[in-house]
Amino acid sequence: QVQLVESGGTLVQPGGSLKLSCAASKFTFTMNTIWQWYRQAPGKERELVAGINGYGQNTMYADSVKGRFTISRDNAKNTVSLQMNSLKPEDTAVYYCKADLGATYYWGQGTQVTVSS
């Protein structure tokens with residue numbers, strides 16, 4: 001059973017930084033896997049925040065996080081990370097990682113990020 005486990009979510013003050021990690025078990029990173037971070041705030045739809053391709057050269061970011069968030073992957077360690085800087089209260093949400101293999105995909109269980117003073 002493939003498992004994706006996110007970690008790193010916590011309460012942080014506005015302007016602070018956090019690094020989220022997503023560890024994959026029973027799953028081997030391949031160059032065909034596209035990794036994405038999504039988030040879902042209360043009462044809102046889940047939205048795509050950032051993505052990275054198999055080789056790590058191509059990344060994408062939602063306009064709301066450009067210049068503040070950085071996605072990265074470590075194929076050797078089977079992890080994908082999201083470095084979040086200059087956090088704002090509107091970044092408060094449950095953050096999910098997703099592994100997209102094209103024909104199938106897997107989600108993690110989510111980690112809560114709360115930005116508040």
# chains A, B, ... in the order shown; residues from 1 in each chain; ligands from 1
call {"tool": "closest_atom_pairs", "arguments": {"of": "segment 88-110 of chain A", "to": "segment 11-35 of chain A", "cutoff": "6 Å", "atoms": "only C-alpha atoms", "output": "Markdown table"}}
result
| residue | atom | partner | partner_atom | distance |
| --- | --- | --- | --- | --- |
| A:Lys88 | CA | A:Pro14 | CA | 5.1 |
| A:Lys98 | CA | A:Trp35 | CA | 5.8 |
| A:Ala99 | CA | A:Trp35 | CA | 4.8 |
| A:Asp100 | CA | A:Ile34 | CA | 5.1 |
| A:Leu101 | CA | A:Thr33 | CA | 4.9 |
call {"tool": "write_last_selection", "arguments": {"atoms": "N, CA and C atoms", "output": "short mmCIF file (atom, residue, chain, number, x, y, z; two decimals), in the first residue's frame"}}
result
data_model
loop_
_atom_site.label_atom_id
_atom_site.label_comp_id
_atom_site.auth_asym_id
_atom_site.auth_seq_id
_atom_site.Cartn_x
_atom_site.Cartn_y
_atom_site.Cartn_z
N LYS A 88 1.59 34.28 5.35
CA LYS A 88 0.49 35.21 5.59
C LYS A 88 -0.68 34.46 6.21
N LYS A 98 0.68 15.30 -3.38
CA LYS A 98 0.07 14.39 -4.34
C LYS A 98 1.12 13.90 -5.30
N ALA A 99 1.11 12.59 -5.54
CA ALA A 99 2.00 11.99 -6.52
C ALA A 99 1.16 11.60 -7.72
N ASP A 100 1.44 12.20 -8.86
CA ASP A 100 0.65 11.97 -10.07
C ASP A 100 1.48 11.15 -11.05
N LEU A 101 1.02 9.93 -11.28
CA LEU A 101 1.74 9.05 -12.19
C LEU A 101 1.07 9.01 -13.56
#
call {"tool": "select_by_dssp", "arguments": {"residues": "chain A", "states": "strand (DSSP E or B)", "output": "ChimeraX atom specification"}}
result
/A:3-7,11-12,18-25,34-40,47-52,59-61,69-74,79-84,93-100,105-107,111-115
call {"tool": "atom_distance", "arguments": {"atom1": "atom CA of Glu6 of chain A", "atom2": "atom CA of Thr70 of chain A"}}
result
15.9 Å
call {"tool": "atom_distance", "arguments": {"atom1": "atom CA of Tyr55 of chain A", "atom2": "atom CA of Met84 of chain A"}}
result
21.4 Å
call {"tool": "closest_residue", "arguments": {"among": "A:Met60, A:Val2, A:Val80, A:Ala41", "to": "Tyr95 of chain A", "atoms": "only C-alpha atoms"}}
result
A:Ala41
call {"tool": "residues_around", "arguments": {"residues": "Val49 of chain A", "least_positions_apart": "3", "cutoff": "8 Å", "atoms": "only C-alpha atoms", "output": "list in words"}}
result
Gln36, Trp37, Tyr38, Arg39, Tyr61, Ala62 and Val65 of chain A
call {"tool": "closest_residue", "arguments": {"among": "A:Lys66, A:Asn58, A:Gly9, A:Tyr96", "to": "Val115 of chain A", "atoms": "only C-alpha atoms"}}
result
A:Gly9
call {"tool": "closest_residue", "arguments": {"among": "A:Leu4, A:Asp74, A:Ser116, A:Phe69", "to": "Thr92 of chain A", "atoms": "only C-alpha atoms"}}
result
A:Ser116
call {"tool": "residues_around", "arguments": {"residues": "Pro42 of chain A", "least_positions_apart": "2", "cutoff": "9 Å", "atoms": "only C-alpha atoms", "output": "list of chain:residue names"}}
result
A:Gln40, A:Lys44, A:Glu45, A:Thr92, A:Ala93, A:Val94
call {"tool": "write_last_selection", "arguments": {"atoms": "N, CA and C atoms", "output": "short mmCIF file (atom, residue, chain, number, x, y, z; two decimals), in the first residue's frame"}}
result
data_model
loop_
_atom_site.label_atom_id
_atom_site.label_comp_id
_atom_site.auth_asym_id
_atom_site.auth_seq_id
_atom_site.Cartn_x
_atom_site.Cartn_y
_atom_site.Cartn_z
N GLN A 40 -6.06 23.29 1.31
CA GLN A 40 -7.51 23.50 1.43
C GLN A 40 -7.79 24.24 2.73
N LYS A 44 -13.34 26.33 1.67
CA LYS A 44 -12.85 26.58 0.32
C LYS A 44 -12.49 25.28 -0.37
N GLU A 45 -12.38 25.35 -1.70
CA GLU A 45 -11.98 24.19 -2.46
C GLU A 45 -10.48 23.97 -2.35
N THR A 92 -3.13 29.94 5.75
CA THR A 92 -3.66 28.95 6.68
C THR A 92 -4.52 27.94 5.94
N ALA A 93 -4.19 26.67 6.10
CA ALA A 93 -4.90 25.61 5.39
C ALA A 93 -4.31 24.26 5.78
N VAL A 94 -4.98 23.22 5.36
CA VAL A 94 -4.38 21.88 5.40
C VAL A 94 -3.65 21.68 4.08
#
call {"tool": "closest_residue", "arguments": {"among": "A:Leu82, A:Leu87, A:Ala76, A:Val5", "to": "Gly51 of chain A", "atoms": "only C-alpha atoms"}}
result
A:Leu82
call {"tool": "closest_residue", "arguments": {"among": "A:Tyr106, A:Thr111, A:Gly67, A:Thr10", "to": "Ser86 of chain A", "atoms": "only C-alpha atoms"}}
result
A:Gly67
call {"tool": "atom_distance", "arguments": {"atom1": "atom CA of Ser81 of chain A", "atom2": "atom CA of Ala103 of chain A"}}
result
23.2 Å
